[in-house]
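Here's the structure, in structure tokens; my notes come after.
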Amino acid sequence: MDVILLERIAKLGQMGETVKVRDGYARNYLLPLGKALRANEANKKRFESERATLEARNLERKSEAQKVAEALDGKTFVIVRSAGETGQLYGSVAARDILETLAAEGFNVGRNQVDLNHPIKAIGLHEVTLHLHSEVEITIKVNVARSADEAERQAKGETLTSADAIYGVDEDALRPEDFFDPEADQDGDDE
């Protein structure tokens with residue numbers, strides 16, 4: 001199906017272009033969300049008459065997205081989660097969790113604007129891309145840690161996935177005597 005794009009769409013085209021897309025994509029996404037019109041003579045005339053309004057609205061949205069991008073630039077957001085000693089989370093951090101963290105900091109971002117292909121399943125510093133507008137994209141850092149103290153340590157560059165890093169113990173120097181009392185009762189009776 002041929003459609004006229006009413007805004008720039010990544011990997012598809014610019015505003016005003018007539019592009020050929022699959023029927024389902026047009027019927028289920030582009031047309032209902034007002035991102036395109038069917039390419040026929042009446043709609044081409046309608047687009048040309050509304051072109052100035054559409055470009056002004058697009059420019060306004062882009063400038064708003066640019067302001068949010070400037071405010072987010074260089075920020076790191078801390079998310080505290082439970083994790084094992086190896087750094088594996090007992091769950092995951094999904095786009096919804098990132099949105100909640102951004103909202104708590106006062107940033108209003110839509111769920112479809114967070115580009116997170118796979119949920120985060122380990123502690124550490126992770127980069128997440130936000131598509132605030134079709135022409136405005138920014139990368140933020142998400143610091144996933146077990147506690148706020150560990151988040152600070154990770155931000156300084158420490159790796160917290162071993163007992164040495166977590167507890168301050170050199171696990172190679174531990175001996176069995178460190179765990180068991182060699183003079184404890186060996187025969188099993190409580191006397």
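In the structure tokens, the first chain shown is A, the next is B, and so on; residue numbers restart at 1 for each chain, and ligands run from 1 in the order shown.
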(request) Tell me, as a ChimeraX atom specification, which residues lie within 10 Å of segment 60-69 of chain A, counting only C-alpha atoms; anything in the same chain fewer than 6 positions away does not count. (result) /A:54,107-109,130-140
(request) Show which residues sit within 12 Å of Glu41 of chain A, as a ChimeraX atom specification. Count only C-alpha atoms, and ignore same-chain residues fewer than 4 positions away. (result) /A:2-4,18,37,45-48
(request) State, in Å with one decimal place, the distance from atom CA of Ser49 of chain A to atom CA of Lys11 of chain A. (result)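 The value is 25.9 Å.
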(message) Ranking A:Arg57, A:Thr129, A:Met1, A:Ser147 by minimum distance to Ala26 of chain A and counting only C-alpha atoms, which one comes first?
(response)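 Under the stated criterion, the closest residue is A:Met1.
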(request) Apply DSSP to the structure's backbone, then extract all residues of chain A labelled alpha helix (DSSP H) and return them as a PyMOL selection string. (result) chain A and resi 23-25+41-72+95-104+148-155+163-167
(message) Residues within 7 Å of Thr76 of chain A, please, as a ChimeraX atom specification. Count only C-alpha atoms; anything in the same chain fewer than 2 positions from it doesn't count.
(response) /A:74,78,140-143
(request) Tell me which protein, DNA and RNA residues are within 9 Å of Val80 of chain A, counting only C-alpha atoms, leaving out same-chain ones fewer than 6 positions away, and put them as a PyMOL selection string. (result) chain A and resi 143-148+151
Those same residues, written as a PDB file, in the first residue's frame with N, CA and C atoms?
```pdb
ATOM      1  N   ASN A 143      22.669   2.695  36.384  1.00  0.00           N
ATOM      2  CA  ASN A 143      23.560   2.022  37.324  1.00  0.00           C
ATOM      3  C   ASN A 143      22.707   1.072  38.155  1.00  0.00           C
ATOM      4  N   VAL A 144      22.773  -0.228  37.857  1.00  0.00           N
ATOM      5  CA  VAL A 144      22.007  -1.238  38.585  1.00  0.00           C
ATOM      6  C   VAL A 144      22.920  -1.803  39.668  1.00  0.00           C
ATOM      7  N   ALA A 145      22.478  -1.694  40.932  1.00  0.00           N
ATOM      8  CA  ALA A 145      23.317  -2.136  42.055  1.00  0.00           C
ATOM      9  C   ALA A 145      22.452  -2.742  43.149  1.00  0.00           C
ATOM     10  N   ARG A 146      23.114  -3.380  44.129  1.00  0.00           N
ATOM     11  CA  ARG A 146      22.401  -3.977  45.263  1.00  0.00           C
ATOM     12  C   ARG A 146      22.018  -2.932  46.309  1.00  0.00           C
ATOM     13  N   SER A 147      22.775  -1.834  46.386  1.00  0.00           N
ATOM     14  CA  SER A 147      22.494  -0.771  47.352  1.00  0.00           C
ATOM     15  C   SER A 147      23.033   0.547  46.815  1.00  0.00           C
ATOM     16  N   ALA A 148      22.669   1.631  47.456  1.00  0.00           N
ATOM     17  CA  ALA A 148      23.152   2.946  47.035  1.00  0.00           C
ATOM     18  C   ALA A 148      24.664   3.047  47.205  1.00  0.00           C
ATOM     19  N   ALA A 151      26.242   1.324  44.363  1.00  0.00           N
ATOM     20  CA  ALA A 151      26.076   2.135  43.156  1.00  0.00           C
ATOM     21  C   ALA A 151      27.176   3.191  43.078  1.00  0.00           C
TER      22      ALA A 151
END
```
Which residues, written as a compact mmCIF listing (two decimals) with C-alpha atoms, in the first residue's frame, have at least one atom at most 8 Å from Leu116 of chain A, with only C-alpha atoms counted and residues fewer than 4 positions away on the same chain left out?
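result-v7.txt, written as the output of this step:
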```txt
# COMPACT_ATOMS: atom_id res chain seq x y z
CA ALA A 94 12.83 -3.67 32.10
CA ALA A 95 11.76 -0.52 30.24
CA VAL A 128 20.08 2.77 27.41
CA THR A 129 18.99 4.69 24.31
```
(message) For Leu30 of chain A, find every residue with an atom within 12 Å (counting only C-alpha atoms), except residues of its own chain fewer than 2 positions away, and show them as a ChimeraX atom specification.
(response) /A:1-9,12,19-28,32-38
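Using only C-alpha atoms, the shortest contact distance between Ala122 of chain A and any of A:Leu89, A:Ala104, A:Ala42, A:Met15 is found at A:Leu89.
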(request) Rank A:Glu85, A:Asp115, A:Glu158, A:Glu55 by their smallest atom-to-atom distance to Gln14 of chain A, using only C-alpha atoms, and report the top residue only. (result) A:Glu55
(request) May I ask which of the residues A:Gly110, A:Gly16, A:Gly157, A:Gln88 is the closest one to Asn43 of chain A, counting only C-alpha atoms? (result)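 Among the listed residues, A:Gly16 lies closest to Asn43 of chain A.
The space separating atom CA of Glu127 of chain A from atom CA of Gly84 of chain A comes to 21.6 Å.
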(request) Kindly give the distance, in Å, that separates atom CA of Asp97 of chain A and atom CA of Phe77 of chain A, rounded to a single decimal. (result) 11.0 Å
